[in-house]
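See below for the structure under consideration.
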Amino acid sequence: MTLLTLDVETTLNAPEAFGLAHPMHPFNSIVFLGTKVSGKDPLIFTESFSEHLIVAIDLNKPDFIVGSNMSFDLLYLLRHTKSLEQRKIIQSQRLWDIQLAEYLLTGQQAKWASLDEMSIKYGLPIKDSKVSDYFAQGIGSDKIDSELIIPYLIQDVCNTEAIAMLQMESATKSNQLDLFLSQMEALHCTTEMMFNGLEVDIQTFKDYTVEVATTYADTKVTLEKRSVEFGPAANAYPITDVDSSLQWSKLLFGGTKKVESKEAVGMFKNGKVKYKKVITLVNTFPVSGVIPLDAWKSEKTGKVSVDDKVLSIIVDKTKDPDIKELVLLLQQYREVSKQLSTYIQGLGKHIIEEQETARIYGRLNHVATSTGRLSSASPNLQNISNNPIKKVFVSRYGDDGQLVEFDFSQLEVAVLAHITKDTRLIKDITDGNDIHSELYRNMYGKYPDDATRKWFKRLTFGLIYGAGANTLAENAGCSYDVAKNFIITFYTRYPSVKDWHNIMAGSADKLATYDYVGDIHKLSRTWRWISETKRVYVFSEYKSTYSTSRDYTFSPTELKNYPVQGLATGDIVPMMLGILFRKLIDKPGVKLINTVHDSIMLDVRNDVLTETITEVRSILNKTHEFYEATFGIPLALKLNAGCKVGKNWFELTEI
DNA sequence: TCAACAAGCGCC
DNA sequence: GGGCGCTTGTTGA
């Protein structure tokens, strides 16, 4: 086994808003590259970084390139390459990221494990903190004495290599290598996506900014005016900040306000009365006229929620037209304010303009979630509103290209069918039956219309996520009896789903053990469950909300959902990301640019559009074959992917 | 003054 | 009901 371990030290020149070390920022570059080949001494390079790496690959033919949080290093190295050929050599290698490996080995418990943390765990010497202190102060490697940084870098690569060796041994023992290798391929893919970034149309962005900012300003002024004018009761809580949910709660549902008054406490020698400022708490009048449910009250603060759901209930129930108008206005304000601050200003901060391009380079994280899903940050490109803001994301090829989005159809339901092996659910999905409509018919004897189906879907998803009848009713806005009846209908139609839910709950209770923290055992138990892909899930007991016989219980929702979410969007989608990466990386005019849980987005030049869509579709429709080839287990049903194409992310049409 | 927490809300 | 990340206001050291 030959490992080629690497670590880069870089400048920290990007503006604060980007994160000083942003690997795609033009102000940043590598200062030192440290490499180590198994059995040899480490080497330090101060120039021609990618060339040196390529020479090392060529000479040593490593089995793996090893690093910690490798996408960081790889993005720098890819940026430093001078040709596509050089990039291909780096990207042809297999990877072993010790941070990702640690995350998988610990059942997603070690999130963002640092090299220091791992060094301690694996019994290795940890480094002097002087260099880390400089980094913490925003001083880049170019400004640090190389006498100081070189030993630091050498120790890093040595520890990284040693950790990788121990992890490989461990992963082999636990039979997890298939999963690890698949996940490392996915890491290559997401690194490529981060490298490519998303092209932004600056003019569209500016126009949309003006539009939303205007609406925002108008709405805010009106809302402020109305909230001040408003006062059927003299002691209603005064709104001084329309962004404060606390103030709205006190206005709508009552609370306390501080009232300042003067109190005579005696007399000065000159005969004047001596006063003291006194602050008294006064109860304020609840203007909404709606009695809040206990469920709306925060457990920790006792505050009554004024989220959108509660506001809608007030709008429905209130008899006072002024209240209704005020609350509707608040809902409008909340919406436009979210758009402006999170999406317009938030995205704007991340645009990097260079020569002819304007791009957003977000981060796709592999070590952030409990289920193995990917997450996205800086900015989060997985929660962009489905509204015209998405028009700003366009093809980098301009009029000569299109954005293409592939979506797995009802992925989590299909994966539930696979896990539970429920024959009816497998048949429904395979035959293309709409499970929501079928369940509705089972319950009511007829098929639903479109609006009814849309409402009814919430019940299906709620159940898959593990909700009980109470929460189901609350969330879907139906009676407890309807929710209860739905659960019976679902479990009757798909009995193996019921069995599996019961088995998970029963096994957790039966097989859980008390872990030790130091030498004291924890009050709550832990259950480690290993999936067929050998991904480990860790379930812990929580303090019961209800007063049951036991103080701590497992969350049934976690037990029901982790395995489904994990297999679907933690194992299967990343596996396909890795496969697509290998198939598409050599193709001119095709760029992998983003993934949102069950979807994969490409930027494609028009001259290769048709062939690319045909190829990707055919690959994704063979997901079951890749699954069996990767994990040695047949998938109980075929997965299907849809495809949408368009000039921008908002205007995509199904093809 | 700053960091942590809470509320709220966007996506799958 | 599950999983995230970002923005704003609040709170408390």
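Chain labels run A, B, ... following the order of the structure tokens; each chain numbers its residues from 1, and ligands are numbered from 1 in the order shown.
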Open item on the list: Please identify the helix (DSSP H, G or I) residues within stretch 427-604 of chain A (assignment by DSSP from backbone atoms) and present them as number ranges by chain.
Closed with: A: 427-430, 435-444, 450-464, 469-476, 480-493, 495-511, 556-584
Task: Within 10 Å of chain C: residues of chain A, using only C-alpha atoms (C1' of nucleotides), as a ChimeraX atom specification - done: /A:241,243-246,337-338,341-343,346,368-383,459,461-472,475,556-562,564-566
- [ ] Considering only C-alpha atoms (C1' of nucleotides), extract the chain B residues located within 10 Å of chain A and return them as a list in words.
- [x]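 Close to chain A, chain B has DA6, DA7, DG8, DC9, DG10, DC11 and DC12 of chain B.
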TODO: Take atom CA of A:Glu654 and atom CA of A:Phe581 and report the distance between them in Å, one decimal.
DONE: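 Taking atom CA of A:Glu654 as the start and atom CA of A:Phe581 as the end point, the length is 23.1 Å.
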Open item on the list: Please list as a PyMOL selection string every residue within 12 Å of A:Ala629, counting only C-alpha atoms (C1' of nucleotides) and excluding residues in the same chain fewer than 4 positions away.
Closed with: chain A and resi 178-179+182+533+575-576+579+622-625+633-635
Can you spit out the residues from that selection as a PDB file, in the first residue's frame, using N, CA, C and O atoms?
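What landed in again39.pdb:
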```
ATOM      1  N   ASP A 178     -16.159  -0.701   1.120  1.00  0.00           N
ATOM      2  CA  ASP A 178     -16.981  -0.346  -0.049  1.00  0.00           C
ATOM      3  C   ASP A 178     -17.611   1.025   0.150  1.00  0.00           C
ATOM      4  O   ASP A 178     -17.601   1.876  -0.740  1.00  0.00           O
ATOM      5  N   LEU A 179     -18.173   1.215   1.329  1.00  0.00           N
ATOM      6  CA  LEU A 179     -18.810   2.503   1.633  1.00  0.00           C
ATOM      7  C   LEU A 179     -17.782   3.626   1.600  1.00  0.00           C
ATOM      8  O   LEU A 179     -18.004   4.678   0.990  1.00  0.00           O
ATOM      9  N   SER A 182     -16.697   4.503  -1.965  1.00  0.00           N
ATOM     10  CA  SER A 182     -17.778   5.198  -2.662  1.00  0.00           C
ATOM     11  C   SER A 182     -17.889   6.649  -2.194  1.00  0.00           C
ATOM     12  O   SER A 182     -18.055   7.573  -2.993  1.00  0.00           O
ATOM     13  N   THR A 533     -25.263  -1.128   3.937  1.00  0.00           N
ATOM     14  CA  THR A 533     -24.067  -0.552   3.310  1.00  0.00           C
ATOM     15  C   THR A 533     -22.930  -0.415   4.321  1.00  0.00           C
ATOM     16  O   THR A 533     -21.879   0.109   4.003  1.00  0.00           O
ATOM     17  N   MET A 575     -23.059   7.969  -4.049  1.00  0.00           N
ATOM     18  CA  MET A 575     -22.493   6.920  -4.910  1.00  0.00           C
ATOM     19  C   MET A 575     -22.623   7.321  -6.376  1.00  0.00           C
ATOM     20  O   MET A 575     -21.663   7.222  -7.148  1.00  0.00           O
ATOM     21  N   MET A 576     -23.808   7.829  -6.741  1.00  0.00           N
ATOM     22  CA  MET A 576     -24.022   8.221  -8.133  1.00  0.00           C
ATOM     23  C   MET A 576     -23.239   9.484  -8.492  1.00  0.00           C
ATOM     24  O   MET A 576     -22.852   9.669  -9.647  1.00  0.00           O
ATOM     25  N   ILE A 579     -19.965   8.126  -9.483  1.00  0.00           N
ATOM     26  CA  ILE A 579     -20.038   7.484 -10.804  1.00  0.00           C
ATOM     27  C   ILE A 579     -20.081   8.547 -11.901  1.00  0.00           C
ATOM     28  O   ILE A 579     -19.330   8.479 -12.888  1.00  0.00           O
ATOM     29  N   LYS A 622     -29.724   3.445 -14.142  1.00  0.00           N
ATOM     30  CA  LYS A 622     -29.066   2.175 -13.787  1.00  0.00           C
ATOM     31  C   LYS A 622     -28.545   2.204 -12.357  1.00  0.00           C
ATOM     32  O   LYS A 622     -27.646   1.428 -11.996  1.00  0.00           O
ATOM     33  N   THR A 623     -29.082   3.105 -11.560  1.00  0.00           N
ATOM     34  CA  THR A 623     -28.612   3.228 -10.174  1.00  0.00           C
ATOM     35  C   THR A 623     -28.633   1.883  -9.452  1.00  0.00           C
ATOM     36  O   THR A 623     -27.704   1.550  -8.710  1.00  0.00           O
ATOM     37  N   HIS A 624     -29.684   1.086  -9.692  1.00  0.00           N
ATOM     38  CA  HIS A 624     -29.777  -0.219  -9.014  1.00  0.00           C
ATOM     39  C   HIS A 624     -28.604  -1.120  -9.373  1.00  0.00           C
ATOM     40  O   HIS A 624     -28.114  -1.865  -8.538  1.00  0.00           O
ATOM     41  N   GLU A 625     -28.123  -1.002 -10.626  1.00  0.00           N
ATOM     42  CA  GLU A 625     -26.963  -1.828 -11.021  1.00  0.00           C
ATOM     43  C   GLU A 625     -25.696  -1.351 -10.321  1.00  0.00           C
ATOM     44  O   GLU A 625     -24.889  -2.155  -9.848  1.00  0.00           O
ATOM     45  N   ILE A 633     -25.186  -5.836  -2.949  1.00  0.00           N
ATOM     46  CA  ILE A 633     -26.555  -6.143  -2.521  1.00  0.00           C
ATOM     47  C   ILE A 633     -27.515  -5.635  -3.597  1.00  0.00           C
ATOM     48  O   ILE A 633     -27.388  -4.495  -4.043  1.00  0.00           O
ATOM     49  N   PRO A 634     -28.468  -6.471  -4.022  1.00  0.00           N
ATOM     50  CA  PRO A 634     -29.413  -5.977  -5.036  1.00  0.00           C
ATOM     51  C   PRO A 634     -30.395  -4.969  -4.446  1.00  0.00           C
ATOM     52  O   PRO A 634     -30.790  -5.091  -3.282  1.00  0.00           O
ATOM     53  N   LEU A 635     -30.748  -3.992  -5.235  1.00  0.00           N
ATOM     54  CA  LEU A 635     -31.764  -3.022  -4.815  1.00  0.00           C
ATOM     55  C   LEU A 635     -33.125  -3.612  -5.167  1.00  0.00           C
ATOM     56  O   LEU A 635     -33.305  -4.172  -6.247  1.00  0.00           O
TER      57      LEU A 635
END
```
TODO: Output as a ChimeraX atom specification all residues of stretch 282-444 of chain A that backbone DSSP marks as strand (DSSP E or B).
DONE: /A:282-283,297,304,351-354,357-360,363-365,375-377,393-394,401-408
Output for the residues just chosen: C-alpha atoms as a short mmCIF file (atom, residue, chain, number, x, y, z; two decimals), in the first residue's frame:
```
data_model
loop_
_atom_site.label_atom_id
_atom_site.label_comp_id
_atom_site.auth_asym_id
_atom_site.auth_seq_id
_atom_site.Cartn_x
_atom_site.Cartn_y
_atom_site.Cartn_z
CA VAL A 282 -46.85 45.87 33.83
CA ASN A 283 -48.93 43.21 32.12
CA LYS A 297 -45.36 28.03 23.93
CA VAL A 304 -45.76 32.17 22.69
CA ILE A 351 -20.11 36.57 -5.59
CA ILE A 352 -16.56 36.49 -6.93
CA GLU A 353 -16.13 38.56 -10.08
CA GLU A 354 -13.14 37.81 -12.30
CA THR A 357 -17.20 35.68 -14.98
CA ALA A 358 -19.22 36.22 -11.83
CA ARG A 359 -19.52 33.08 -9.75
CA ILE A 360 -20.58 31.81 -6.40
CA ARG A 363 -19.05 24.60 0.11
CA LEU A 364 -20.45 21.10 0.03
CA ASN A 365 -19.74 19.35 3.32
CA SER A 375 -24.79 19.87 3.66
CA SER A 376 -24.08 23.15 1.93
CA ALA A 377 -22.77 26.41 3.33
CA PHE A 393 -28.12 31.43 -11.61
CA VAL A 394 -27.39 30.92 -15.30
CA GLY A 401 -25.51 26.63 -22.73
CA GLN A 402 -28.22 25.45 -20.37
CA LEU A 403 -28.57 24.41 -16.77
CA VAL A 404 -29.68 20.80 -16.43
CA GLU A 405 -31.14 19.34 -13.25
CA PHE A 406 -31.65 15.62 -12.64
CA ASP A 407 -33.96 14.56 -9.83
CA PHE A 408 -34.53 11.09 -8.43
#
```
Open item on the list: I'd like the interatomic distance between atom CA of A:Ser249 and atom CA of A:Tyr480, to a tenth of an Å.
Closed with: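 Between atom CA of A:Ser249 and atom CA of A:Tyr480 the gap is 27.5 Å.
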